[in-house]
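Undergrad: coords_33.txt is reproduced in full below (compact mmCIF, C-alpha atoms).
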# COMPACT_ATOMS: atom_id res chain seq x y z
CA MET A 1 0.00 0.00 0.00
CA ALA A 2 1.56 3.20 -1.11
CA SER A 3 1.65 6.23 1.14
CA ALA A 4 -0.04 8.29 -1.61
CA ASP A 5 -3.13 6.12 -1.21
CA ILE A 6 -3.19 6.77 2.52
CA GLN A 7 -2.99 10.49 1.83
CA ALA A 8 -5.94 10.31 -0.57
CA VAL A 9 -8.08 8.43 1.94
CA LYS A 10 -7.19 10.97 4.60
CA ARG A 11 -8.28 13.79 2.34
CA ARG A 12 -11.49 12.00 1.54
CA ILE A 13 -12.26 11.51 5.22
CA LYS A 14 -11.80 15.21 5.81
CA SER A 15 -14.15 16.23 3.02
CA VAL A 16 -16.84 13.75 4.06
CA SER A 17 -16.70 14.89 7.64
CA THR A 18 -17.10 18.52 6.53
CA MET A 19 -20.14 17.45 4.55
CA GLU A 20 -21.49 15.69 7.59
CA HIS A 21 -21.16 18.88 9.60
CA VAL A 22 -23.06 20.85 6.98
CA THR A 23 -25.91 18.39 6.62
CA ASN A 24 -26.17 18.03 10.35
CA ALA A 25 -26.40 21.79 10.78
CA MET A 26 -29.05 22.00 8.08
CA LYS A 27 -30.97 19.24 9.76
CA LEU A 28 -31.01 21.17 13.01
CA VAL A 29 -32.12 24.34 11.24
CA SER A 30 -34.93 22.49 9.46
CA ALA A 31 -35.98 20.84 12.68
CA ALA A 32 -36.33 24.23 14.34
CA LYS A 33 -38.21 25.64 11.36
CA LEU A 34 -40.41 22.58 11.22
CA ARG A 35 -41.37 23.03 14.83
CA ARG A 36 -42.44 26.59 14.18
CA ALA A 37 -44.25 25.78 10.95
CA LYS A 38 -46.00 22.86 12.59
CA ALA A 39 -47.25 25.09 15.38
CA THR A 40 -48.78 27.50 12.84
CA PHE A 41 -50.17 24.62 10.86
CA GLU A 42 -51.79 22.99 13.85
CA ARG A 43 -53.24 26.29 15.00
CA THR A 44 -54.83 27.00 11.64
CA HIS A 45 -55.63 23.50 10.46
CA GLU A 46 -58.32 22.55 12.90
CA HIS A 47 -60.44 25.62 12.67
CA PHE A 48 -59.95 25.91 8.93
CA MET A 49 -61.39 22.45 8.55
CA TYR A 50 -64.25 23.65 10.68
CA LEU A 51 -64.71 26.75 8.64
CA THR A 52 -64.58 25.12 5.24
CA HIS A 53 -67.03 22.57 6.55
CA SER A 54 -69.37 25.31 7.66
CA ILE A 55 -69.09 27.07 4.32
CA ALA A 56 -69.63 23.84 2.43
CA GLU A 57 -72.69 23.21 4.54
CA VAL A 58 -74.08 26.58 3.60
CA PHE A 59 -73.45 25.84 -0.07
CA ASN A 60 -75.13 22.51 0.20
CA ASN A 61 -78.22 23.71 1.95
CA ALA A 62 -79.02 26.80 -0.02
CA GLU A 63 -81.47 26.32 -2.83
CA GLU A 64 -80.32 29.26 -4.83
CA VAL A 65 -76.61 28.79 -5.25
CA PRO A 66 -75.49 31.09 -8.06
CA GLU A 67 -74.98 28.78 -11.00
CA LEU A 68 -71.66 30.35 -11.89
CA TYR A 69 -69.95 28.46 -9.11
CA LEU A 70 -71.54 25.08 -9.66
CA GLU A 71 -70.17 22.14 -11.54
CA GLY A 72 -71.56 21.63 -15.00
CA SER A 73 -72.63 25.24 -15.41
CA ARG A 74 -70.16 25.71 -18.25
CA GLU A 75 -67.83 23.83 -20.46
CA ILE A 76 -64.31 23.54 -19.12
CA LYS A 77 -61.92 25.01 -21.65
CA ASN A 78 -59.24 26.63 -19.56
CA THR A 79 -58.05 25.15 -16.34
CA CYS A 80 -56.01 27.05 -13.84
CA TYR A 81 -53.59 24.98 -11.76
CA ILE A 82 -52.25 26.42 -8.55
CA VAL A 83 -49.03 24.55 -7.84
CA ILE A 84 -47.46 25.05 -4.45
CA THR A 85 -43.80 24.10 -4.26
CA GLY A 86 -40.83 25.27 -2.27
CA THR A 87 -38.28 27.89 -3.19
CA LYS A 88 -35.27 25.84 -2.20
CA GLY A 89 -33.97 22.41 -3.01
CA LEU A 90 -32.25 19.87 -0.78
CA CYS A 91 -35.49 18.51 0.50
CA GLY A 92 -35.67 15.09 -1.04
CA SER A 93 -38.46 14.50 -3.48
CA PHE A 94 -40.72 17.18 -2.04
CA ASN A 95 -40.71 19.49 -5.06
CA THR A 96 -40.59 16.78 -7.72
CA ASN A 97 -43.55 14.99 -6.18
CA VAL A 98 -45.74 18.06 -6.43
CA ILE A 99 -44.55 18.86 -9.95
CA LYS A 100 -45.07 15.28 -11.16
CA GLU A 101 -48.56 15.14 -9.74
CA ALA A 102 -49.43 18.51 -11.26
CA GLU A 103 -48.12 17.42 -14.63
CA ARG A 104 -50.08 14.20 -14.50
CA GLU A 105 -53.19 16.15 -13.67
CA ILE A 106 -52.55 18.53 -16.56
CA MET A 107 -52.07 15.64 -18.99
CA LYS A 108 -55.30 14.03 -17.84
CA ASN A 109 -57.46 16.89 -19.05
CA ASP A 110 -57.27 18.21 -22.53
CA SER A 111 -58.25 21.70 -21.50
CA HIS A 112 -55.79 24.51 -21.91
CA PRO A 113 -53.65 24.69 -18.76
CA MET A 114 -52.77 27.97 -17.07
CA ILE A 115 -50.47 27.87 -14.12
CA VAL A 116 -50.25 29.90 -10.97
CA ALA A 117 -46.97 28.98 -9.37
CA ILE A 118 -46.32 29.53 -5.70
CA GLY A 119 -42.65 28.85 -5.05
CA THR A 120 -39.84 29.09 -7.58
CA LYS A 121 -39.30 25.37 -8.14
CA GLY A 122 -42.65 24.84 -9.78
CA ARG A 123 -42.41 28.06 -11.71
CA ASP A 124 -39.02 27.19 -13.19
CA TYR A 125 -40.12 23.72 -14.16
CA PHE A 126 -43.25 24.81 -15.99
CA ALA A 127 -41.68 27.91 -17.49
CA LYS A 128 -38.96 25.76 -19.02
CA ARG A 129 -41.56 23.54 -20.63
CA ASP A 130 -43.44 26.48 -22.15
CA PHE A 131 -46.55 26.32 -20.07
CA GLU A 132 -48.49 29.49 -19.67
CA ILE A 133 -47.76 30.94 -16.26
CA VAL A 134 -50.32 33.54 -15.34
CA GLU A 135 -48.97 34.43 -11.97
CA SER A 136 -46.06 33.44 -9.80
CA TYR A 137 -45.12 34.15 -6.23
CA ILE A 138 -41.57 33.58 -5.21
CA SER A 139 -41.49 34.35 -1.53
CA PRO A 140 -40.88 31.28 0.68
CA ALA A 141 -44.10 29.62 1.77
CA GLU A 142 -43.60 30.17 5.47
CA THR A 143 -43.48 33.95 5.03
CA ILE A 144 -46.82 34.15 3.25
CA SER A 145 -49.52 35.68 5.42
CA PHE A 146 -53.27 35.44 5.14
CA LEU A 147 -53.29 38.90 3.62
CA ASP A 148 -50.87 37.72 0.91
CA SER A 149 -53.04 34.74 0.10
CA GLN A 150 -55.97 37.12 -0.17
CA LYS A 151 -54.05 39.08 -2.77
CA MET A 152 -53.14 35.87 -4.58
CA SER A 153 -56.67 34.60 -4.84
CA LYS A 154 -58.04 37.90 -6.11
CA PRO A 155 -56.77 37.68 -9.71
CA ILE A 156 -57.79 34.03 -9.86
CA LEU A 157 -61.34 34.86 -8.83
CA THR A 158 -61.51 37.75 -11.26
CA MET A 159 -60.41 35.48 -14.09
CA PHE A 160 -62.92 32.88 -13.05
CA ASN A 161 -65.76 35.38 -12.89
CA GLU A 162 -64.85 36.84 -16.25
CA GLY A 163 -64.76 33.43 -17.86
CA GLU A 164 -61.06 33.39 -18.67
CA ILE A 165 -60.68 30.24 -16.65
CA ASP A 166 -63.37 27.65 -16.06
CA GLU A 167 -61.79 25.51 -13.41
CA VAL A 168 -59.34 26.02 -10.57
CA ILE A 169 -57.30 23.10 -9.31
CA LEU A 170 -54.95 23.26 -6.38
CA VAL A 171 -51.97 20.91 -6.13
CA TYR A 172 -50.16 20.93 -2.81
CA THR A 173 -48.53 18.65 -0.27
CA SER A 174 -50.61 17.51 2.60
CA PHE A 175 -49.06 16.85 5.98
CA ILE A 176 -49.81 13.45 7.44
CA SER A 177 -46.95 13.09 9.88
CA THR A 178 -43.39 14.32 10.18
CA LEU A 179 -42.25 11.33 8.17
CA THR A 180 -45.03 11.03 5.60
CA GLN A 181 -46.40 13.65 3.31
CA GLU A 182 -48.76 13.20 0.44
CA VAL A 183 -49.45 15.27 -2.63
CA LYS A 184 -53.08 16.26 -2.86
CA THR A 185 -55.14 17.63 -5.69
CA VAL A 186 -58.17 19.66 -4.76
CA ARG A 187 -60.62 21.38 -7.02
CA LEU A 188 -61.42 24.83 -5.68
CA LEU A 189 -63.85 25.98 -8.34
CA PRO A 190 -66.44 25.19 -9.48
CA PHE A 191 -67.98 23.40 -6.54
CA ASP A 192 -69.04 19.86 -6.72
CA ILE A 193 -71.08 19.88 -3.57
CA GLN A 194 -73.18 16.82 -4.08
CA SER A 195 -70.19 14.51 -3.98
CA ASP A 196 -69.16 15.27 -0.42
CA PRO A 197 -70.69 12.61 1.78
CA ASP A 198 -69.61 14.25 5.04
CA ILE A 199 -72.05 17.05 4.72
CA ILE A 200 -75.42 16.47 6.20
CA LYS A 201 -78.33 18.03 4.48
CA HIS A 202 -80.75 19.42 7.00
CA ASP A 203 -84.13 20.54 5.84
CA LYS A 204 -84.61 23.43 8.18
CA PRO A 205 -85.05 26.80 6.56
CA VAL A 206 -82.06 29.08 6.93
CA GLU A 207 -82.27 32.85 7.13
CA TYR A 208 -79.84 34.68 4.87
CA GLU A 209 -79.03 38.28 5.25
CA PRO A 210 -78.82 40.60 3.35
CA THR A 211 -79.64 38.12 0.52
CA VAL A 212 -78.55 34.63 -0.46
CA GLU A 213 -76.64 36.09 -3.32
CA ASP A 214 -74.72 38.52 -1.15
CA VAL A 215 -73.86 35.76 1.27
CA PHE A 216 -72.49 33.67 -1.57
CA ASN A 217 -70.60 36.49 -3.13
CA TYR A 218 -68.89 36.93 0.19
CA MET A 219 -68.33 33.28 0.94
CA VAL A 220 -66.96 32.00 -2.34
CA PRO A 221 -63.88 34.25 -2.30
CA LYS A 222 -63.47 33.58 1.43
CA PHE A 223 -63.55 29.85 0.81
CA VAL A 224 -60.89 30.13 -1.88
CA GLU A 225 -58.70 32.39 0.26
CA ILE A 226 -58.94 30.16 3.29
CA THR A 227 -58.29 26.96 1.39
CA LEU A 228 -55.36 28.54 -0.38
CA TYR A 229 -53.87 29.88 2.82
CA GLY A 230 -54.37 26.55 4.55
CA ALA A 231 -52.65 24.75 1.69
CA ILE A 232 -49.70 27.16 1.75
CA VAL A 233 -49.20 26.72 5.47
CA GLU A 234 -49.47 22.96 5.10
CA SER A 235 -46.98 22.91 2.23
CA ALA A 236 -44.48 24.96 4.22
CA THR A 237 -44.72 22.48 7.06
CA CYS A 238 -44.20 19.59 4.65
CA GLU A 239 -41.21 21.25 3.05
CA HIS A 240 -39.43 21.55 6.37
CA ALA A 241 -40.36 18.03 7.35
CA ALA A 242 -39.08 16.71 4.01
CA ARG A 243 -35.86 18.67 4.32
CA ARG A 244 -35.29 17.47 7.83
CA THR A 245 -35.70 13.87 6.75
CA ALA A 246 -33.47 14.37 3.73
CA MET A 247 -30.75 16.00 5.79
CA GLU A 248 -31.00 13.34 8.45
CA ASN A 249 -30.47 10.69 5.81
CA ALA A 250 -27.57 12.60 4.32
CA ALA A 251 -25.89 12.97 7.70
CA GLU A 252 -26.44 9.29 8.38
CA ASN A 253 -24.93 8.32 5.05
CA ALA A 254 -21.96 10.57 5.68
CA ASN A 255 -21.40 8.94 9.06
CA GLU A 256 -21.57 5.50 7.53
CA MET A 257 -19.10 6.51 4.87
CA LEU A 258 -16.80 7.97 7.51
CA GLY A 259 -16.84 4.66 9.35
CA GLU A 260 -15.93 2.71 6.24
CA LEU A 261 -13.24 5.15 5.23
CA SER A 262 -11.56 5.25 8.61
CA LEU A 263 -11.58 1.45 8.74
CA TYR A 264 -9.90 1.43 5.35
CA TYR A 265 -7.47 4.12 6.43
CA ASN A 266 -6.49 2.25 9.61
CA ARG A 267 -6.02 -0.96 7.73
CA ALA A 268 -3.82 0.77 5.16
CA ARG A 269 -1.76 2.40 7.88
CA GLN A 270 -1.39 -0.87 9.76
CA GLU A 271 -0.33 -2.56 6.58
CA ALA A 272 2.34 0.06 5.95
CA ILE A 273 3.68 -0.40 9.47
CA THR A 274 3.72 -4.17 9.12
CA ASN A 275 5.58 -3.86 5.86
CA GLU A 276 8.20 -1.66 7.44
CA LEU A 277 8.58 -4.09 10.35
CA ILE A 278 9.01 -7.00 7.99
CA GLU A 279 11.70 -5.07 6.18
CA ILE A 280 13.55 -4.33 9.42
CA VAL A 281 13.25 -7.89 10.68
CA ALA A 282 14.32 -9.30 7.34
CA GLY A 283 17.27 -6.87 7.25
CA SER A 284 18.50 -7.79 10.75
CA GLU A 285 18.09 -11.51 10.11
CA ALA A 286 20.11 -11.21 6.93
CA GLN A 287 22.89 -9.50 8.91
CA GLN A 288 22.91 -12.17 11.69
CA SER A 289 23.15 -15.07 9.23
CA THR A 290 26.30 -13.71 7.64
CA MET B 1 -81.28 30.95 33.75
CA ALA B 2 -81.56 31.06 30.03
CA ASN B 3 -80.13 28.29 27.90
CA SER B 4 -76.63 28.67 26.60
CA ILE B 5 -75.27 28.06 23.15
CA LYS B 6 -71.75 27.29 21.99
CA LEU B 7 -70.02 30.18 20.27
CA GLU B 8 -66.81 30.05 18.30
CA VAL B 9 -65.19 33.18 16.97
CA ILE B 10 -62.59 32.36 14.33
CA THR B 11 -60.03 34.63 12.70
CA PRO B 12 -57.49 33.60 10.07
CA SER B 13 -54.73 33.36 12.65
CA LYS B 14 -56.46 31.76 15.61
CA VAL B 15 -59.61 30.75 17.41
CA PHE B 16 -60.41 34.06 19.01
CA TYR B 17 -63.10 32.87 21.37
CA LYS B 18 -64.67 29.56 22.26
CA GLY B 19 -67.23 29.07 24.95
CA ASP B 20 -70.84 28.81 26.06
CA VAL B 21 -72.75 32.02 25.81
CA GLU B 22 -76.22 33.18 26.69
CA LEU B 23 -76.44 36.00 24.24
CA VAL B 24 -74.27 37.26 21.46
CA ILE B 25 -74.90 40.54 19.69
CA VAL B 26 -73.37 41.02 16.24
CA PRO B 27 -73.34 43.90 13.75
CA THR B 28 -75.19 42.63 10.66
CA TYR B 29 -75.70 44.83 7.64
CA GLU B 30 -79.23 45.55 8.74
CA GLY B 31 -78.35 46.59 12.26
CA ASP B 32 -77.26 44.90 15.43
CA GLU B 33 -78.77 41.53 16.05
CA GLY B 34 -78.70 39.26 19.08
CA PHE B 35 -78.67 35.48 19.00
CA MET B 36 -79.59 33.14 21.80
CA ALA B 37 -79.92 29.39 22.06
CA ARG B 38 -82.44 27.70 19.76
CA HIS B 39 -82.41 30.49 17.24
CA ALA B 40 -83.63 29.63 13.75
CA TYR B 41 -80.83 28.60 11.39
CA ALA B 42 -79.28 31.65 9.84
CA THR B 43 -76.27 32.78 7.87
CA LYS B 44 -75.64 36.48 7.93
CA LEU B 45 -72.92 38.78 6.77
CA LEU B 46 -71.39 41.12 9.31
CA ASP B 47 -70.30 44.70 9.04
CA ILE B 48 -67.31 46.24 10.78
CA GLY B 49 -68.54 46.81 14.30
CA GLU B 50 -68.87 45.68 17.88
CA LEU B 51 -69.30 42.15 19.07
CA TRP B 52 -71.03 41.72 22.42
CA VAL B 53 -70.83 38.44 24.20
CA GLN B 54 -72.66 37.48 27.39
CA GLU B 55 -71.11 34.33 28.71
CA ALA B 56 -73.29 31.71 30.37
CA GLY B 57 -73.99 32.66 33.98
CA GLN B 58 -72.39 36.10 33.64
CA LYS B 59 -74.16 39.41 33.88
CA ASP B 60 -71.58 41.52 32.13
CA PHE B 61 -70.89 41.56 28.44
CA LYS B 62 -67.50 41.15 26.89
CA VAL B 63 -66.91 43.59 24.06
CA ALA B 64 -64.70 43.15 21.03
CA ALA B 65 -64.12 45.02 17.80
CA ILE B 66 -64.53 42.88 14.71
CA ALA B 67 -63.69 43.62 11.09
CA GLY B 68 -66.62 42.18 9.17
CA GLY B 69 -67.22 38.56 8.36
CA TYR B 70 -70.14 36.22 8.68
CA VAL B 71 -72.04 34.37 11.35
CA ASP B 72 -73.43 30.91 10.91
CA VAL B 73 -76.14 30.03 13.41
CA LYS B 74 -77.03 26.38 13.72
CA GLU B 75 -76.90 24.10 16.77
CA SER B 76 -73.91 26.22 17.63
CA ILE B 77 -72.78 29.62 16.44
CA ILE B 78 -69.70 30.01 14.27
CA LEU B 79 -68.53 33.52 13.66
CA PHE B 80 -65.77 34.17 11.16
CA THR B 81 -64.08 37.53 10.98
CA ASP B 82 -60.89 38.82 9.38
CA ALA B 83 -59.75 40.41 12.61
CA ALA B 84 -61.00 40.66 16.18
CA GLU B 85 -59.76 42.39 19.30
CA TRP B 86 -61.04 42.47 22.86
CA GLN B 87 -61.74 45.81 24.41
CA GLU B 88 -58.82 45.61 26.84
CA ASP B 89 -56.32 44.70 24.10
CA ILE B 90 -56.97 47.71 21.91
CA ASP B 91 -54.30 50.34 21.73
CA LYS B 92 -56.37 53.49 21.49
CA GLU B 93 -53.52 55.70 20.45
CA ARG B 94 -52.52 53.43 17.64
CA ALA B 95 -56.10 53.29 16.39
CA ALA B 96 -56.21 57.08 16.39
CA GLN B 97 -52.91 57.23 14.53
CA GLU B 98 -54.11 54.79 11.93
CA LYS B 99 -57.25 56.79 11.40
CA ALA B 100 -55.28 59.99 11.01
CA ARG B 101 -52.92 58.33 8.56
CA ALA B 102 -55.71 56.95 6.38
CA GLU B 103 -57.50 60.28 6.42
CA GLY B 104 -54.32 62.13 5.57
CA TRP B 105 -53.72 59.77 2.67
CA LEU B 106 -57.22 60.30 1.32
CA ALA B 107 -56.83 64.07 1.56
CA GLU B 108 -53.70 64.00 -0.60
CA GLU B 109 -54.19 65.66 -3.93
CA LYS B 110 -53.38 62.84 -6.26
CA GLU B 111 -55.09 60.09 -8.15
CA HIS B 112 -55.96 57.12 -6.00
CA GLU B 113 -56.90 53.65 -7.16
CA PRO B 114 -60.54 52.90 -6.34
CA ASP B 115 -59.42 49.76 -4.50
CA ASP B 116 -57.01 51.72 -2.35
CA ILE B 117 -59.65 54.33 -1.54
CA ALA B 118 -62.00 51.58 -0.42
CA ARG B 119 -59.24 50.09 1.70
CA ALA B 120 -58.49 53.44 3.33
CA GLN B 121 -62.17 53.97 4.09
CA ILE B 122 -62.36 50.53 5.65
CA ALA B 123 -59.26 51.35 7.69
CA ILE B 124 -60.94 54.51 8.98
CA ALA B 125 -64.13 52.65 9.85
CA LYS B 126 -62.11 50.01 11.65
CA SER B 127 -60.16 52.49 13.72
CA ILE B 128 -63.32 54.36 14.67
CA ILE B 129 -64.85 51.12 15.92
CA ARG B 130 -61.68 50.19 17.76
CA MET B 131 -61.60 53.53 19.52
CA LYS B 132 -65.27 53.22 20.40
CA VAL B 133 -64.84 49.73 21.74
CA ALA B 134 -61.81 50.79 23.74
CA GLU B 135 -63.99 53.32 25.46
CA GLY B 136 -66.50 50.67 26.44
CA GLY B 137 -68.57 50.32 23.31
CA GLY B 138 -71.41 52.26 21.82
CA ARG B 139 -74.11 50.29 23.57
CA ARG B 140 -75.21 51.02 27.09
CA ARG B 141 -74.56 48.19 29.47
CA ARG B 142 -77.58 46.70 31.10
Output the file's structure as structure tokens, nothing else.
TA:
Amino acid sequence: MASADIQAVKRRIKSVSTMEHVTNAMKLVSAAKLRRAKATFERTHEHFMYLTHSIAEVFNNAEEVPELYLEGSREIKNTCYIVITGTKGLCGSFNTNVIKEAEREIMKNDSHPMIVAIGTKGRDYFAKRDFEIVESYISPAETISFLDSQKMSKPILTMFNEGEIDEVILVYTSFISTLTQEVKTVRLLPFDIQSDPDIIKHDKPVEYEPTVEDVFNYMVPKFVEITLYGAIVESATCEHAARRTAMENAAENANEMLGELSLYYNRARQEAITNELIEIVAGSEAQQST
Amino acid sequence: MANSIKLEVITPSKVFYKGDVELVIVPTYEGDEGFMARHAYATKLLDIGELWVQEAGQKDFKVAAIAGGYVDVKESIILFTDAAEWQEDIDKERAAQEKARAEGWLAEEKEHEPDDIARAQIAIAKSIIRMKVAEGGGRRRR
């Protein structure tokens, strides 16, 4: 074993251990961010579910839902896809999963796709493939406030009301646990209220004020805003969780590699020493025999 | 004692209030309206205004400023609003400053976007309500 080889292994060990430090640090950062994002997510998730349920119940029980928002009221020619990805990489398959699912969804329908990208990863991917991107937001998901999501949903609603788009589909990552996340596709508009089995239809008359129409005109945008905001918060949580897992794996791999390398290094060093000893012993024995 | 009904006041950032109440008074577009247990089902839009809550077994009302929204009355009451603040949490000075700023902006001699004008007017209405609520609310306590 040449000494040059030992040098190379030594250098390799150094570089791997630096890498391990970096991934470990990133893991800790993501863990801290995940904790914060999860707190926001848990705070908003429960009552958002509640709220969307309540809104859906109103939709389901009103006789005079404005037809504009109902399924089947018009032919679907243009579909708007809201794709929520991250702005940074190094988080495993988090971004690719969302993009793949969105692309599959786009291929499924033959309507003209228009894309609203939240997060740079999705924007870059679809821009490169010449999709029409109507709107993109590049700030990291965890910095987006409810007010921002209100601003985001406004142009979408305007386009929907003016007939430029006929369908709005939201693709985001849903948080199941710190270790598992799942990409979800949700249709925001138009509503398909009959298909939801969770919603009980009660036949009591409901008072609407000022008018049913006004109530709906208020609630539809609210529903979109809330769902969008909820999805953004959820995605941010997933991104941190995915990054934490990815970094943990990377650090683990680095440690494993370090173990193997140092074993190899020690063996090589030992071999060199043994060789030298053999030389000395052989030399002295040669002298004694003469 | 009257029956109580569950009330939940929800804002985008948190559950603002959750509890059993005897009476809740909300600012609908057609004037203030009170809801008690076993009210007919209703869904009403709310204006910027004062929210009065009488908790079960309490005599006094709790007062909060709310920034519009809707109320959904069923077996329980769900109230959604963009922003809500209890009387004791309101910073009166800041509300006054905000009002002055919005008014100053409107008085500027330049073209304003209609959306921005509407927003400024809403800001003024909100700060007026917040100042009113901070002083104990516009309604006389029973």
Undergrad: Go through B:Ser4, B:Gln87, B:Thr43, B:Thr11 and flag the residue nearest chain A, using all atoms listed in the file for the distances.
TA: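 For chain A, the nearest of the candidates is B:Thr43.
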Undergrad: Enumerate as a PyMOL selection string the residues belonging to chain A that approach chain B to within 7 Å, with only C-alpha atoms taken into account.
TA: chain A and resi 43-44+146+205-210+215
Undergrad: Could you jot down the CA of Ser76 in chain B to CA of Ala37 in chain B separation for me, Å, one decimal place?
TA: 8.1 Å
Undergrad: Show me the residues close to (-66.1, 49.8, 26.0) - anything with an atom within 12 Å, counting all atoms listed in the file - and format the list as a count of residues only.
TA: 29
Undergrad: Of the residues B:Gly104, B:Gly34, B:Gly19, B:Pro114, which is the one nearest to Val71 in chain B, using only C-alpha atoms?
TA: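 Answer, going by the shortest atom-to-atom distance: B:Gly34.
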Undergrad: Can you work out which one of A:Glu164, A:Glu252, A:Glu234, A:Glu239 has the shortest atom-to-atom distance to Glu46 in chain A, counting only C-alpha atoms?
TA: A:Glu234
Undergrad: Give me, as a ChimeraX atom specification, all polymer residues having an atom no more than 8 Å from Ala96 in chain B, counting only C-alpha atoms and skipping those fewer than 2 positions away in the same chain.
TA: /B:92-94,98-100,127-128,131
Undergrad: One decimal, Å: what's the distance from CA of Tyr125 in chain A over to CA of Val22 in chain A, could you say?
TA: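 Straight-line distance from CA of Tyr125 in chain A to CA of Val22 in chain A works out to 27.3 Å.
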Undergrad: Would you mind telling me which residue in A:Asp130, A:Asp110, A:Glu135, A:Glu225 lies nearest to Ile76 in chain A when using only C-alpha atoms?
TA: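 Of the candidates, the smallest distance to Ile76 in chain A is held by A:Asp110.
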Undergrad: Within 10 Å of Val16 in chain A, counting all atoms listed in the file, which residues show up once you throw out same-chain ones fewer than 4 positions away? Write them as a VMD selection string, please.
TA: chain A and resid 11 to 12 20 to 22 251 253 to 255 257 to 258 261
Undergrad: I'd like the interatomic distance between CA of Thr96 in chain A and CA of Leu170 in chain A, to a tenth of an Å.
TA: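 Value for the CA of Thr96 in chain A-CA of Leu170 in chain A distance: 15.8 Å.
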